[in-house]
Amino acid sequence: MDIVVKGRKTEVPERFRKHVAEKLKLDKIQKFDGKVISLDVEVSKEPNPRQADRSDRVEITLRSRGPVIRAEAAAADPYAALDLATGKLEARLRKQHDKRYSRRGNGRIPAAEVAETVPGAASFNSEGDLAGGEAQSVPTTRIGSLEVQGEGPLVMREKTHVAAPMLLDQALYEMELVGHDFYLFVDAETKEPSVVYRRHAYDYGVIHLRTDPLAADEAGGAGGALGG
């Protein structure tokens, strides 16, 4: 497998290509993911002089038999941006590796030993019914405006951010900068909340929300629109 280095509206010098090969050690990457298919490095330059401290951006895309892993960073020069992006890539590879390892069943308890090993675990009789035959009360927890029965698996966290309105191209840049697949922003033209998201390869989509009191009675919403 070779590392493909390309520039987006900028020339990539041979010296930087060699530095990429030295920085991204394939043997180290394959220790985390032995099924890597391709590794692409894209370099781009921001012409806006106001953003000189992050004028050079490096995006690393790793494709394997699993999910695509992307890591990107911006800095004052491409070498610093590459160092930052490489660190992010290694962290995400390590996280994926640890997640796969934890799913292999380390420390699993055989079903026959659960009742003896886990305090308070439910036991069943030979017919598959709950031993004792007594109905157990299910605790109810209130999280924000929701009521959750049992212990989950709902995990909810609320955050409030202060956001300055921005244009669509700036929202796309910010999304790429943080390395996410979507970015929520306030459209500077409509003053309404909008979302940009990555679709396929380098294609993007955008969802605009328009406030309409009459829409409250209609079923559905914008929640499933990201799949389009």
# chains A, B, ... in the order shown; residues from 1 in each chain; ligands from 1
>>> residues_around(residues="Val68 (chain A)", least_positions_apart="5", cutoff="12 Å", atoms="only C-alpha atoms", output="ChimeraX atom specification")
/A:33,35-40,60-63,89,92-93,96,181,200-201
>>> write_last_selection(atoms="N, CA, C and O atoms", output="CSV table (one decimal), in the first residue's frame")
chain,number,residue,atom,x,y,z
A,33,ASP,N,-4.6,-1.3,12.5
A,33,ASP,CA,-5.6,-1.8,11.6
A,33,ASP,C,-4.9,-2.5,10.5
A,33,ASP,O,-4.2,-1.9,9.6
A,35,LYS,N,-6.1,-4.1,8.0
A,35,LYS,CA,-6.9,-4.2,6.8
A,35,LYS,C,-7.0,-2.9,6.1
A,35,LYS,O,-8.0,-2.6,5.4
A,36,VAL,N,-5.9,-2.1,6.2
A,36,VAL,CA,-5.9,-0.8,5.5
A,36,VAL,C,-5.9,-1.0,4.0
A,36,VAL,O,-5.1,-1.8,3.5
A,37,ILE,N,-6.7,-0.3,3.3
A,37,ILE,CA,-6.8,-0.4,1.8
A,37,ILE,C,-6.0,0.8,1.2
A,37,ILE,O,-5.2,0.6,0.2
A,38,SER,N,-6.2,2.0,1.7
A,38,SER,CA,-5.6,3.2,1.1
A,38,SER,C,-5.4,4.2,2.1
A,38,SER,O,-6.1,4.3,3.1
A,39,LEU,N,-4.4,5.1,1.9
A,39,LEU,CA,-4.1,6.2,2.8
A,39,LEU,C,-3.8,7.4,1.9
A,39,LEU,O,-2.8,7.4,1.2
A,40,ASP,N,-4.7,8.4,2.0
A,40,ASP,CA,-4.6,9.6,1.2
A,40,ASP,C,-4.3,10.8,2.1
A,40,ASP,O,-4.9,11.0,3.2
A,60,ILE,N,-6.0,13.8,6.3
A,60,ILE,CA,-5.6,12.4,6.1
A,60,ILE,C,-6.8,11.5,6.1
A,60,ILE,O,-7.6,11.6,7.0
A,61,THR,N,-7.0,10.7,5.0
A,61,THR,CA,-8.1,9.8,4.9
A,61,THR,C,-7.6,8.4,4.8
A,61,THR,O,-6.9,8.0,3.9
A,62,LEU,N,-8.0,7.5,5.8
A,62,LEU,CA,-7.6,6.1,5.8
A,62,LEU,C,-8.9,5.3,5.5
A,62,LEU,O,-9.9,5.4,6.2
A,63,ARG,N,-8.8,4.5,4.5
A,63,ARG,CA,-9.9,3.6,4.1
A,63,ARG,C,-9.4,2.1,4.4
A,63,ARG,O,-8.3,1.7,4.0
A,89,LEU,N,-5.0,11.2,13.9
A,89,LEU,CA,-5.2,9.9,13.2
A,89,LEU,C,-4.8,8.8,14.1
A,89,LEU,O,-5.6,7.8,14.3
A,92,ARG,N,-7.4,8.2,16.9
A,92,ARG,CA,-8.6,7.6,16.4
A,92,ARG,C,-8.4,6.1,16.1
A,92,ARG,O,-9.2,5.3,16.3
A,93,LEU,N,-7.2,5.8,15.5
A,93,LEU,CA,-6.9,4.4,15.2
A,93,LEU,C,-6.8,3.6,16.5
A,93,LEU,O,-7.3,2.5,16.6
A,96,GLN,N,-10.3,3.0,17.9
A,96,GLN,CA,-11.0,2.0,17.1
A,96,GLN,C,-10.4,0.6,17.5
A,96,GLN,O,-11.1,-0.4,17.6
A,181,ASP,N,-18.4,15.1,10.7
A,181,ASP,CA,-19.2,14.9,9.5
A,181,ASP,C,-20.4,15.8,9.4
A,181,ASP,O,-21.2,15.7,8.4
A,200,HIS,N,-21.1,11.9,0.4
A,200,HIS,CA,-20.2,10.9,-0.2
A,200,HIS,C,-18.9,11.6,-0.7
A,200,HIS,O,-19.0,12.6,-1.4
A,201,ALA,N,-17.8,10.9,-0.4
A,201,ALA,CA,-16.5,11.5,-0.8
A,201,ALA,C,-16.4,12.9,-0.4
A,201,ALA,O,-16.3,13.2,0.7
>>> atom_distance(atom1="CA of Leu168 (chain A)", atom2="CA of Leu209 (chain A)")
13.9 Å
>>> closest_residue(among="A:Glu59, A:Glu192, A:Glu46, A:Asp53", to="Val5 (chain A)", atoms="only C-alpha atoms")
A:Glu59
>>> residues_around(residues="Tyr173 (chain A)", least_positions_apart="6", cutoff="12 Å", atoms="only C-alpha atoms", output="ChimeraX atom specification")
/A:44-46,51,54-55,57,72-74,166-167,179-183,185,196-198,204
>>> select_by_dssp(residues="region 46-90 of chain A", states="strand (DSSP E)", output="list in words")
Asp56, Arg57, Val58, Glu59, Ile60, Thr61, Leu62, Arg63, Ser64, Ile69, Arg70, Ala71, Glu72, Ala73, Ala74 and Ala75 of chain A
